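A.B. asks: One structure coming up, written as C-alpha cells, with questions to follow.
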Amino acid sequence: MQTKNQKSVSLILGGGGARGLAHIGIIRWLEENNYKIQSISGCSIGALIGGIYAAGKLDDFEQWVCAITKVDMVTLLDISWGTSGFVKGDKIINTLIELVGDQDIETLPIRFTAVASDLKGEKEVWINSGKLFDAIRASISLPFFFTPFRRNGVELIDGGVLNPVPIAPTFSDGTDMSIAVNLGGDVEHALIEKSVTDTPQNDPPQLHDKILNFINRFKEPNNGEGQSEWNILEIAHQAFDAMQGTIARQKLAAYPPDHTITIPRNICTILEFDRAAEMIELGYQRAKQQLGEG
C-alpha cells in the first residue's frame with residue numbers, strides 16, 4: 001500500500017548485459033527515498049532484474065549474484081550445438097527458478113512487462129502474462145550468444161534489438177512519474193583510464209577466455225580458428241552495444257520519461273557479472289546523483 005507522500009513510479013529498465021546489475025542499486029535507492037515502484041517494463045537484463053524484483057526475490061538474487069565468480073559463470077553455460085547461438089540458457093534459467101520460484105506474471109504484486117523482439121515479424125513483443133521466466137528467457141536472448149526462445153510458435157530474441165529502453169508499455173500506468181534507466185550512455189573516458197591503471201598484472205584470465213577454453217574441449221583442432229570465432233562474437237557484441245546506444249537515444253528523445261538515469265556503456269563488458277557488487281553500488285550512486293536528491 002502506498003503511504004502518504006510516497007511517489008508512485010513506473011520504472012523502465014534497459015538492456016546492457018552485466019551493466020544491468022546497476023538496476024539493483026537504483027531500485028535500492030528508490031526504496032530508501034520514498035518511491036514506490038508500481039510498474040516495471042524491462043528488456044534483456046532489465047527484464048531479468050525487474051521480474052525478480054516484482055517477484056519479491058531481489059534480496060536473494062543480489063546475494064547470489066554477488067557471490068558469483070568467473071568459474072561459476074562457466075558452469076552455468078550449456079553449450080548449444082546449433083548455429084543460432086552459443087548457449088541454450090536452460091541451466092541459467094533453471095538455477096534462477098530454483099532461487100526465485102516458478103511464478104506467473106499475472107500473480108506478481110507489481111505490474112510487469114518483458115519486451116522481446118520478433119525478428120522475422122520485425123516488431124516488439126510485450127510479454128505481460130504467462131510464466132515469468134519464459135518472458136525473461138525470451139527477453140535476454142542476446143543475438144549470437146543465447147539461442148532464440150520459441151513462444152507461441154514465434155522465435156524471440158533480445159528486446160534490446162528493437163527497443164533497449166522500453167518506455168511505451170508504461171504509458172497507461174497512471175503513476176506519479178516514469179523513471180528510465182539507460183545502460184547505453186556515452187563513453188566516460190575517465191573510466192577507460194581507471195580500468196587501465198587499476199588492472200593487476202597477474203589478473204586471472206577474463207571470462208571470454210574461460211568460455212573459449214570450455215567450448216574448445218568439445219571441438220576438433222582447427223588451427224586457431226576458435227580464437228577468431230570468439231573475436232567475431234566480441235565484435236558483434238560491441239556493434240550491438242553501439243546500436244543499442246543509438247536506438248536508446250532516439251527512444252528517449254521521442255518519448256521522454258520524467259527522469260532518466262544514465263549508465264556509461266564502457267563501465268563494464270556485457271559478461272562481467274563477477275563485478276556485481278561494484279555495479280550495484282554504481283547504480284545506487286548514479287540514482288542519487290541523477291535524480292538530484294543528494
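Ordering of the C-alpha cells sets the chain letters (A, B, ...), residue numbers begin anew at 1 in every chain, and ligands are numbered from 1 in the order given.
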Residues within 9 Å of stretch 57-62 of chain A, please, as a short mmCIF file (atom, residue, chain, number, x, y, z; two decimals) with N, CA, C and O atoms, in the first residue's frame. Count only C-alpha atoms; anything in the same chain fewer than 5 positions from it doesn't count.

C.D. replies:
```
data_model
loop_
_atom_site.label_atom_id
_atom_site.label_comp_id
_atom_site.auth_asym_id
_atom_site.auth_seq_id
_atom_site.Cartn_x
_atom_site.Cartn_y
_atom_site.Cartn_z
N LEU A 21 23.32 -4.89 -13.69
CA LEU A 21 23.34 -5.09 -12.25
C LEU A 21 23.22 -3.76 -11.51
O LEU A 21 22.83 -3.73 -10.34
N ILE A 24 19.92 -2.94 -9.71
CA ILE A 24 19.68 -3.33 -8.31
C ILE A 24 19.95 -2.15 -7.39
O ILE A 24 19.15 -1.83 -6.49
N ILE A 49 16.20 -8.42 -13.96
CA ILE A 49 16.23 -7.75 -12.65
C ILE A 49 14.82 -7.30 -12.26
O ILE A 49 14.39 -7.48 -11.12
N GLY A 50 14.10 -6.70 -13.21
CA GLY A 50 12.75 -6.21 -12.92
C GLY A 50 11.80 -7.32 -12.54
O GLY A 50 10.98 -7.17 -11.62
N ILE A 52 12.55 -10.29 -11.26
CA ILE A 52 12.91 -10.84 -9.95
C ILE A 52 12.49 -9.89 -8.83
O ILE A 52 12.00 -10.33 -7.78
N ALA A 67 28.00 -13.35 -5.15
CA ALA A 67 28.91 -14.46 -4.83
C ALA A 67 29.45 -15.15 -6.07
O ALA A 67 30.31 -16.03 -5.96
N LEU A 96 17.84 -19.91 -11.73
CA LEU A 96 17.08 -18.77 -11.24
C LEU A 96 15.69 -19.18 -10.77
O LEU A 96 15.17 -18.62 -9.79
N LEU A 99 15.94 -20.38 -7.37
CA LEU A 99 16.17 -19.26 -6.45
C LEU A 99 14.91 -18.46 -6.20
O LEU A 99 14.61 -18.07 -5.07
N VAL A 100 14.14 -18.21 -7.26
CA VAL A 100 13.02 -17.28 -7.21
C VAL A 100 11.67 -17.99 -7.09
O VAL A 100 10.73 -17.48 -6.49
N GLY A 101 11.59 -19.17 -7.68
CA GLY A 101 10.30 -19.87 -7.76
C GLY A 101 9.71 -19.71 -9.15
O GLY A 101 9.98 -18.75 -9.87
N ALA A 276 29.51 -7.74 -9.70
CA ALA A 276 28.16 -7.38 -9.28
C ALA A 276 28.15 -6.31 -8.20
O ALA A 276 27.42 -5.31 -8.31
N ALA A 277 28.91 -6.49 -7.13
CA ALA A 277 28.88 -5.53 -6.02
C ALA A 277 29.25 -4.13 -6.49
O ALA A 277 28.63 -3.13 -6.09
N ILE A 280 26.31 -2.68 -8.58
CA ILE A 280 25.18 -2.32 -7.72
C ILE A 280 25.45 -0.99 -7.02
O ILE A 280 24.58 -0.11 -6.97
#
```

A.B. asks: Would you kindly return, as a tab-separated table (two decimals) with N, CA and C atoms, in the first residue's frame, each protein, DNA or RNA residue with an atom no farther than 10 Å from any atom of A:Pro166, considering only C-alpha atoms and excluding same-chain residues fewer than 3 positions away?

C.D. replies:
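Result file is out.tsv:
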```
chain	number	residue	atom	x	y	z
A	11	LEU	N	8.86	2.15	-13.61
A	11	LEU	CA	10.30	2.00	-13.77
A	11	LEU	C	10.61	1.27	-15.06
A	12	ILE	N	11.44	1.89	-15.89
A	12	ILE	CA	11.82	1.31	-17.19
A	12	ILE	C	13.29	0.90	-17.11
A	13	LEU	N	13.55	-0.38	-17.21
A	13	LEU	CA	14.90	-0.92	-17.03
A	13	LEU	C	15.46	-1.40	-18.36
A	14	GLY	N	16.53	-0.75	-18.81
A	14	GLY	CA	17.09	-1.04	-20.12
A	14	GLY	C	18.02	-2.23	-20.15
A	15	GLY	N	18.44	-2.59	-21.37
A	15	GLY	CA	19.33	-3.72	-21.59
A	15	GLY	C	20.78	-3.29	-21.72
A	40	ILE	N	6.82	-2.09	-13.80
A	40	ILE	CA	8.16	-2.27	-14.37
A	40	ILE	C	8.02	-2.74	-15.81
A	41	SER	N	8.76	-2.08	-16.69
A	41	SER	CA	8.92	-2.52	-18.07
A	41	SER	C	10.41	-2.72	-18.30
A	42	GLY	N	10.80	-3.89	-18.78
A	42	GLY	CA	12.22	-4.14	-18.95
A	42	GLY	C	12.53	-4.98	-20.16
A	43	CYS	N	13.73	-4.82	-20.67
A	43	CYS	CA	14.21	-5.70	-21.73
A	43	CYS	C	15.56	-6.25	-21.31
A	46	GLY	N	17.31	-5.91	-17.95
A	46	GLY	CA	16.28	-5.13	-17.26
A	46	GLY	C	15.05	-5.95	-16.97
A	113	THR	N	6.15	-6.05	-17.43
A	113	THR	CA	6.19	-6.36	-18.86
A	113	THR	C	7.63	-6.60	-19.29
A	114	ALA	N	7.88	-7.74	-19.89
A	114	ALA	CA	9.17	-8.02	-20.51
A	114	ALA	C	9.05	-7.80	-22.01
A	115	VAL	N	10.03	-7.14	-22.58
A	115	VAL	CA	9.99	-6.83	-24.00
A	115	VAL	C	11.02	-7.69	-24.74
A	116	ALA	N	10.56	-8.40	-25.74
A	116	ALA	CA	11.41	-9.20	-26.61
A	116	ALA	C	11.24	-8.72	-28.05
A	124	GLU	N	8.30	-5.48	-31.83
A	124	GLU	CA	8.45	-5.77	-30.42
A	124	GLU	C	7.34	-6.71	-29.97
A	126	TRP	N	5.48	-7.57	-26.35
A	126	TRP	CA	5.34	-7.26	-24.93
A	126	TRP	C	4.75	-8.48	-24.24
A	159	GLY	N	15.09	-8.16	-26.44
A	159	GLY	CA	14.26	-6.98	-26.69
A	159	GLY	C	15.04	-5.75	-27.06
A	160	GLY	N	16.33	-5.71	-26.65
A	160	GLY	CA	17.15	-4.55	-26.96
A	160	GLY	C	17.46	-4.37	-28.43
A	162	LEU	N	15.33	-4.07	-30.77
A	162	LEU	CA	14.39	-3.07	-31.29
A	162	LEU	C	14.10	-1.94	-30.30
A	163	ASN	N	14.25	-2.22	-29.01
A	163	ASN	CA	13.89	-1.20	-28.03
A	163	ASN	C	14.66	-1.41	-26.72
A	169	PRO	N	5.38	0.53	-22.86
A	169	PRO	CA	4.46	-0.28	-22.05
A	169	PRO	C	3.96	0.40	-20.77
A	170	THR	N	4.58	1.50	-20.38
A	170	THR	CA	4.18	2.19	-19.14
A	170	THR	C	3.26	3.38	-19.39
A	180	ALA	N	13.39	6.09	-16.29
A	180	ALA	CA	14.03	5.16	-17.22
A	180	ALA	C	15.51	5.03	-16.90
A	181	VAL	N	16.03	3.82	-17.04
A	181	VAL	CA	17.46	3.56	-16.84
A	181	VAL	C	18.05	3.15	-18.18
A	182	ASN	N	18.94	3.97	-18.69
A	182	ASN	CA	19.60	3.73	-19.97
A	182	ASN	C	21.01	3.23	-19.70
A	248	ALA	N	18.47	3.82	-28.15
A	248	ALA	CA	18.04	4.34	-26.85
A	248	ALA	C	17.92	5.85	-26.89
A	251	LYS	N	14.72	6.71	-28.76
A	251	LYS	CA	13.51	6.41	-27.98
A	251	LYS	C	13.32	7.44	-26.87
A	252	LEU	N	14.38	7.79	-26.19
A	252	LEU	CA	14.29	8.74	-25.08
A	252	LEU	C	13.93	10.14	-25.58
A	255	TYR	N	10.05	9.76	-26.72
A	255	TYR	CA	9.11	9.52	-25.61
A	255	TYR	C	9.83	9.78	-24.28
```

A.B. asks: Near A:Ser172, within 12 Å and counting only C-alpha atoms, which residues show up once chain neighbours fewer than 5 positions away are dropped, as a list in words?

C.D. replies: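 Answer for this query is Ser10, Ser39, Arg111, Ile167, Met177 and Ser178 of chain A.
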
A.B. asks: Can you check which residues of stretch 46-203 of chain A DSSP gives as strand (DSSP E) on the backbone and send them as a PyMOL selection string?

C.D. replies: chain A and resi 85-87+111-118+123-127+144-146+149-151+154-158+177-185

A.B. asks: Using N, CA, C and O atoms, can you write the selected residues to a file as a tab-separated table (two decimals), in the first residue's frame?

C.D. replies:
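Okay, out-v8.tsv is ready:
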```tsv
chain	number	residue	atom	x	y	z
A	85	GLY	N	23.16	-19.77	-31.76
A	85	GLY	CA	23.69	-19.16	-30.55
A	85	GLY	C	24.59	-20.14	-29.83
A	85	GLY	O	24.46	-21.36	-29.97
A	86	PHE	N	25.55	-19.63	-29.02
A	86	PHE	CA	26.49	-20.49	-28.31
A	86	PHE	C	25.85	-21.20	-27.12
A	86	PHE	O	26.23	-22.30	-26.76
A	87	VAL	N	24.88	-20.55	-26.47
A	87	VAL	CA	24.37	-21.04	-25.18
A	87	VAL	C	22.86	-21.23	-25.24
A	87	VAL	O	22.14	-20.35	-25.72
A	111	ARG	N	2.98	-4.64	-11.52
A	111	ARG	CA	2.77	-4.84	-12.95
A	111	ARG	C	4.11	-5.00	-13.65
A	111	ARG	O	5.04	-4.22	-13.42
A	112	PHE	N	4.19	-5.99	-14.52
A	112	PHE	CA	5.48	-6.31	-15.14
A	112	PHE	C	5.29	-6.65	-16.60
A	112	PHE	O	4.40	-7.42	-16.97
A	113	THR	N	6.15	-6.05	-17.43
A	113	THR	CA	6.19	-6.36	-18.86
A	113	THR	C	7.63	-6.60	-19.29
A	113	THR	O	8.50	-5.76	-19.04
A	114	ALA	N	7.88	-7.74	-19.89
A	114	ALA	CA	9.17	-8.02	-20.51
A	114	ALA	C	9.05	-7.80	-22.01
A	114	ALA	O	8.06	-8.21	-22.63
A	115	VAL	N	10.03	-7.14	-22.58
A	115	VAL	CA	9.99	-6.83	-24.00
A	115	VAL	C	11.02	-7.69	-24.74
A	115	VAL	O	12.20	-7.71	-24.37
A	116	ALA	N	10.56	-8.40	-25.74
A	116	ALA	CA	11.41	-9.20	-26.61
A	116	ALA	C	11.24	-8.72	-28.05
A	116	ALA	O	10.44	-7.82	-28.32
A	117	SER	N	11.98	-9.34	-28.95
A	117	SER	CA	11.91	-8.95	-30.36
A	117	SER	C	11.57	-10.14	-31.24
A	117	SER	O	12.20	-11.19	-31.14
A	118	ASP	N	10.54	-9.96	-32.06
A	118	ASP	CA	10.21	-10.93	-33.10
A	118	ASP	C	10.94	-10.47	-34.35
A	118	ASP	O	10.50	-9.55	-35.04
A	123	LYS	N	9.05	-6.74	-35.14
A	123	LYS	CA	8.24	-5.99	-34.17
A	123	LYS	C	8.61	-6.40	-32.74
A	123	LYS	O	9.16	-7.48	-32.49
A	124	GLU	N	8.30	-5.48	-31.83
A	124	GLU	CA	8.45	-5.77	-30.42
A	124	GLU	C	7.34	-6.71	-29.97
A	124	GLU	O	6.24	-6.70	-30.52
A	125	VAL	N	7.64	-7.51	-28.96
A	125	VAL	CA	6.63	-8.35	-28.33
A	125	VAL	C	6.63	-8.03	-26.84
A	125	VAL	O	7.66	-8.16	-26.17
A	126	TRP	N	5.48	-7.57	-26.35
A	126	TRP	CA	5.34	-7.26	-24.93
A	126	TRP	C	4.75	-8.48	-24.24
A	126	TRP	O	3.64	-8.92	-24.55
A	127	ILE	N	5.46	-9.01	-23.27
A	127	ILE	CA	5.01	-10.20	-22.56
A	127	ILE	C	4.61	-9.80	-21.14
A	127	ILE	O	5.46	-9.44	-20.32
A	144	PHE	N	23.65	-14.14	-31.11
A	144	PHE	CA	24.92	-14.83	-31.24
A	144	PHE	C	25.33	-15.55	-29.95
A	144	PHE	O	26.08	-16.50	-29.99
A	145	PHE	N	24.86	-15.07	-28.79
A	145	PHE	CA	25.26	-15.70	-27.53
A	145	PHE	C	24.21	-16.72	-27.10
A	145	PHE	O	24.49	-17.91	-27.00
A	146	PHE	N	22.98	-16.29	-26.83
A	146	PHE	CA	21.89	-17.19	-26.49
A	146	PHE	C	21.14	-17.63	-27.75
A	146	PHE	O	20.99	-16.85	-28.69
A	149	PHE	N	14.36	-17.91	-28.22
A	149	PHE	CA	13.36	-18.61	-27.41
A	149	PHE	C	12.06	-18.66	-28.18
A	149	PHE	O	11.56	-17.63	-28.65
A	150	ARG	N	11.50	-19.85	-28.31
A	150	ARG	CA	10.24	-20.02	-29.05
A	150	ARG	C	9.06	-19.90	-28.09
A	150	ARG	O	8.96	-20.63	-27.12
A	151	ARG	N	8.17	-18.95	-28.39
A	151	ARG	CA	6.97	-18.73	-27.58
A	151	ARG	C	5.77	-18.58	-28.51
A	151	ARG	O	5.79	-17.75	-29.41
A	154	VAL	N	6.57	-18.50	-32.12
A	154	VAL	CA	7.38	-17.40	-32.66
A	154	VAL	C	8.75	-17.42	-31.99
A	154	VAL	O	8.84	-17.53	-30.76
A	155	GLU	N	9.81	-17.31	-32.77
A	155	GLU	CA	11.15	-17.26	-32.21
A	155	GLU	C	11.47	-15.81	-31.81
A	155	GLU	O	11.41	-14.89	-32.63
A	156	LEU	N	11.81	-15.66	-30.53
A	156	LEU	CA	12.05	-14.34	-29.97
A	156	LEU	C	13.51	-14.18	-29.57
A	156	LEU	O	14.15	-15.13	-29.12
A	157	ILE	N	14.02	-12.96	-29.75
A	157	ILE	CA	15.38	-12.64	-29.33
A	157	ILE	C	15.34	-11.39	-28.44
A	157	ILE	O	14.28	-10.84	-28.15
A	158	ASP	N	16.50	-10.99	-28.02
A	158	ASP	CA	16.68	-9.89	-27.06
A	158	ASP	C	15.84	-8.66	-27.43
A	158	ASP	O	15.87	-8.18	-28.56
A	177	MET	N	5.15	9.31	-11.74
A	177	MET	CA	6.29	9.61	-12.62
A	177	MET	C	6.84	8.35	-13.26
A	177	MET	O	6.60	7.23	-12.78
A	178	SER	N	7.56	8.56	-14.35
A	178	SER	CA	8.29	7.47	-15.01
A	178	SER	C	9.78	7.73	-14.87
A	178	SER	O	10.25	8.86	-15.02
A	179	ILE	N	10.52	6.67	-14.57
A	179	ILE	CA	11.98	6.75	-14.44
A	179	ILE	C	12.57	5.68	-15.33
A	179	ILE	O	12.28	4.49	-15.17
A	180	ALA	N	13.39	6.09	-16.29
A	180	ALA	CA	14.03	5.16	-17.22
A	180	ALA	C	15.51	5.03	-16.90
A	180	ALA	O	16.17	6.01	-16.54
A	181	VAL	N	16.03	3.82	-17.04
A	181	VAL	CA	17.46	3.56	-16.84
A	181	VAL	C	18.05	3.15	-18.18
A	181	VAL	O	17.69	2.11	-18.74
A	182	ASN	N	18.94	3.97	-18.69
A	182	ASN	CA	19.60	3.73	-19.97
A	182	ASN	C	21.01	3.23	-19.70
A	182	ASN	O	21.85	3.97	-19.17
A	183	LEU	N	21.29	1.98	-20.07
A	183	LEU	CA	22.61	1.39	-19.86
A	183	LEU	C	23.55	1.64	-21.03
A	183	LEU	O	24.68	1.14	-21.02
A	184	GLY	N	23.11	2.42	-22.00
A	184	GLY	CA	23.93	2.68	-23.19
A	184	GLY	C	24.41	4.11	-23.25
A	184	GLY	O	24.50	4.69	-24.33
A	185	GLY	N	24.72	4.69	-22.09
A	185	GLY	CA	25.16	6.08	-22.04
A	185	GLY	C	26.50	6.30	-22.72
A	185	GLY	O	27.23	5.35	-23.03
```

A.B. asks: Extract, using only C-alpha atoms, all DNA, RNA and protein residues at most 12 Å from A:Pro264, discarding same-chain residues fewer than 4 positions from it, and format them as a list of chain:residue names.

C.D. replies: A:Gly16, A:Arg19, A:Gly20, A:Ala22, A:Val181, A:Asn182, A:Leu183, A:Gly184, A:Gly185, A:Asp186, A:Val187, A:Glu188, A:His189, A:Ala190, A:Leu191, A:Ile192, A:Asp241, A:Ala242, A:Gly245, A:Cys268, A:Thr269, A:Met279, A:Leu282, A:Gly283, A:Arg286

A.B. asks: Nearest to A:Lys70: which of A:Glu278, A:Phe273, A:Pro148, A:Gly17 is it, counting only C-alpha atoms?

C.D. replies: A:Phe273

A.B. asks: Would you please work out which residue, of A:Gln63, A:Ser8, A:Tyr53, A:Thr69, is nearest to A:Glu272 when using only C-alpha atoms?

C.D. replies: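 Distance minimum relative to A:Glu272 lands on A:Thr69.
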
A.B. asks: To one decimal place in Å, what is the distance between atom CA of A:Ala236 and atom CA of A:Ile270?

C.D. replies: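 Going from atom CA of A:Ala236 over to atom CA of A:Ile270 covers 11.6 Å.
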
A.B. asks: Write out as a list in words all residues of stretch 114-172 of chain A that DSSP puts in helix (DSSP H, G or I) for this structure's backbone.

C.D. replies: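 Put together, the selection reads Leu132, Phe133, Asp134, Ala135, Ile136, Arg137, Ala138, Ser139, Gly159, Gly160, Val161, Ala168, Pro169 and Thr170 of chain A.
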
A.B. asks: Would you save the residues from that selection as an mmCIF file, in the first residue's frame, using all heavy atoms?

C.D. replies:
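To be explicit, this is the file written out as again_0.cif:
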```cif
data_model
loop_
_atom_site.group_PDB
_atom_site.id
_atom_site.type_symbol
_atom_site.label_atom_id
_atom_site.label_comp_id
_atom_site.auth_asym_id
_atom_site.auth_seq_id
_atom_site.Cartn_x
_atom_site.Cartn_y
_atom_site.Cartn_z
ATOM 1 N N LEU A 132 6.802 -16.312 -15.681
ATOM 2 C CA LEU A 132 7.747 -15.205 -15.555
ATOM 3 C C LEU A 132 9.063 -15.502 -16.259
ATOM 4 O O LEU A 132 9.588 -14.665 -17.006
ATOM 5 C CB LEU A 132 8.006 -14.914 -14.071
ATOM 6 C CG LEU A 132 9.103 -13.893 -13.755
ATOM 7 C CD1 LEU A 132 8.762 -12.526 -14.325
ATOM 8 C CD2 LEU A 132 9.333 -13.811 -12.248
ATOM 9 N N PHE A 133 9.594 -16.704 -16.045
ATOM 10 C CA PHE A 133 10.921 -16.978 -16.598
ATOM 11 C C PHE A 133 10.890 -17.336 -18.083
ATOM 12 O O PHE A 133 11.927 -17.290 -18.740
ATOM 13 C CB PHE A 133 11.651 -18.026 -15.757
ATOM 14 C CG PHE A 133 12.288 -17.408 -14.543
ATOM 15 C CD1 PHE A 133 11.673 -17.469 -13.311
ATOM 16 C CD2 PHE A 133 13.477 -16.712 -14.651
ATOM 17 C CE1 PHE A 133 12.228 -16.876 -12.200
ATOM 18 C CE2 PHE A 133 14.057 -16.110 -13.551
ATOM 19 C CZ PHE A 133 13.438 -16.184 -12.318
ATOM 20 N N ASP A 134 9.735 -17.662 -18.632
ATOM 21 C CA ASP A 134 9.629 -17.742 -20.091
ATOM 22 C C ASP A 134 9.780 -16.338 -20.678
ATOM 23 O O ASP A 134 10.474 -16.145 -21.690
ATOM 24 C CB ASP A 134 8.271 -18.321 -20.505
ATOM 25 C CG ASP A 134 8.205 -19.829 -20.352
ATOM 26 O OD1 ASP A 134 9.241 -20.448 -20.019
ATOM 27 O OD2 ASP A 134 7.117 -20.393 -20.564
ATOM 28 N N ALA A 135 9.139 -15.366 -20.039
ATOM 29 C CA ALA A 135 9.235 -13.984 -20.513
ATOM 30 C C ALA A 135 10.662 -13.479 -20.399
ATOM 31 O O ALA A 135 11.193 -12.834 -21.317
ATOM 32 C CB ALA A 135 8.288 -13.096 -19.697
ATOM 33 N N ILE A 136 11.311 -13.767 -19.282
ATOM 34 C CA ILE A 136 12.690 -13.321 -19.078
ATOM 35 C C ILE A 136 13.617 -13.990 -20.078
ATOM 36 O O ILE A 136 14.474 -13.326 -20.688
ATOM 37 C CB ILE A 136 13.129 -13.615 -17.626
ATOM 38 C CG1 ILE A 136 12.388 -12.683 -16.656
ATOM 39 C CG2 ILE A 136 14.635 -13.470 -17.470
ATOM 40 C CD1 ILE A 136 12.601 -13.022 -15.193
ATOM 41 N N ARG A 137 13.458 -15.307 -20.271
ATOM 42 C CA ARG A 137 14.342 -16.025 -21.205
ATOM 43 C C ARG A 137 14.211 -15.473 -22.618
ATOM 44 O O ARG A 137 15.216 -15.337 -23.339
ATOM 45 C CB ARG A 137 14.007 -17.528 -21.181
ATOM 46 C CG ARG A 137 14.791 -18.359 -22.208
ATOM 47 C CD ARG A 137 16.280 -18.319 -21.971
ATOM 48 N NE ARG A 137 16.990 -19.088 -22.979
ATOM 49 C CZ ARG A 137 17.362 -18.619 -24.162
ATOM 50 N NH1 ARG A 137 17.087 -17.360 -24.493
ATOM 51 N NH2 ARG A 137 17.998 -19.387 -25.019
ATOM 52 N N ALA A 138 12.988 -15.131 -23.024
ATOM 53 C CA ALA A 138 12.809 -14.539 -24.350
ATOM 54 C C ALA A 138 13.508 -13.194 -24.437
ATOM 55 O O ALA A 138 14.193 -12.890 -25.427
ATOM 56 C CB ALA A 138 11.323 -14.381 -24.647
ATOM 57 N N SER A 139 13.372 -12.389 -23.404
ATOM 58 C CA SER A 139 13.888 -11.024 -23.443
ATOM 59 C C SER A 139 15.404 -10.955 -23.383
ATOM 60 O O SER A 139 16.000 -9.996 -23.872
ATOM 61 C CB SER A 139 13.284 -10.220 -22.292
ATOM 62 O OG SER A 139 13.600 -8.852 -22.402
ATOM 63 N N GLY A 159 15.090 -8.157 -26.441
ATOM 64 C CA GLY A 159 14.258 -6.983 -26.686
ATOM 65 C C GLY A 159 15.042 -5.754 -27.064
ATOM 66 O O GLY A 159 14.518 -4.843 -27.723
ATOM 67 N N GLY A 160 16.328 -5.710 -26.654
ATOM 68 C CA GLY A 160 17.151 -4.550 -26.963
ATOM 69 C C GLY A 160 17.461 -4.370 -28.434
ATOM 70 O O GLY A 160 17.912 -3.302 -28.848
ATOM 71 N N VAL A 161 17.214 -5.399 -29.235
ATOM 72 C CA VAL A 161 17.438 -5.272 -30.675
ATOM 73 C C VAL A 161 16.561 -4.171 -31.261
ATOM 74 O O VAL A 161 16.986 -3.416 -32.140
ATOM 75 C CB VAL A 161 17.166 -6.621 -31.381
ATOM 76 C CG1 VAL A 161 17.127 -6.456 -32.898
ATOM 77 C CG2 VAL A 161 18.215 -7.646 -30.980
ATOM 78 N N ALA A 168 7.243 2.614 -23.784
ATOM 79 C CA ALA A 168 5.842 2.575 -24.222
ATOM 80 C C ALA A 168 4.929 1.697 -23.364
ATOM 81 O O ALA A 168 3.773 2.069 -23.130
ATOM 82 C CB ALA A 168 5.767 2.155 -25.692
ATOM 83 N N PRO A 169 5.381 0.532 -22.857
ATOM 84 C CA PRO A 169 4.459 -0.281 -22.055
ATOM 85 C C PRO A 169 3.962 0.403 -20.774
ATOM 86 O O PRO A 169 3.000 -0.071 -20.165
ATOM 87 C CB PRO A 169 5.308 -1.523 -21.713
ATOM 88 C CG PRO A 169 6.283 -1.627 -22.834
ATOM 89 C CD PRO A 169 6.627 -0.205 -23.163
ATOM 90 N N THR A 170 4.583 1.504 -20.384
ATOM 91 C CA THR A 170 4.180 2.191 -19.140
ATOM 92 C C THR A 170 3.258 3.381 -19.389
ATOM 93 O O THR A 170 2.861 4.053 -18.429
ATOM 94 C CB THR A 170 5.423 2.688 -18.378
ATOM 95 O OG1 THR A 170 6.059 3.759 -19.114
ATOM 96 C CG2 THR A 170 6.430 1.570 -18.165
#
```

A.B. asks: So, with only C-alpha atoms as the atoms that count, which of A:Thr175, A:Thr147, A:Gln6, A:Asn128 lies closest to A:Gln38?

C.D. replies: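 Among the listed residues, the smallest separation from A:Gln38 belongs to A:Thr175.
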
A.B. asks: One number please: atom CA of A:His23 to atom CA of A:Thr260, in Å, one decimal.

C.D. replies: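 About the pair atom CA of A:His23 and atom CA of A:Thr260: they are 12.5 Å apart.
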
A.B. asks: Provide the atom CA of A:Thr95 to atom CA of A:Ile27 distance in Å, to one decimal place.

C.D. replies: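 Computing it gives 22.7 Å between the two atoms.
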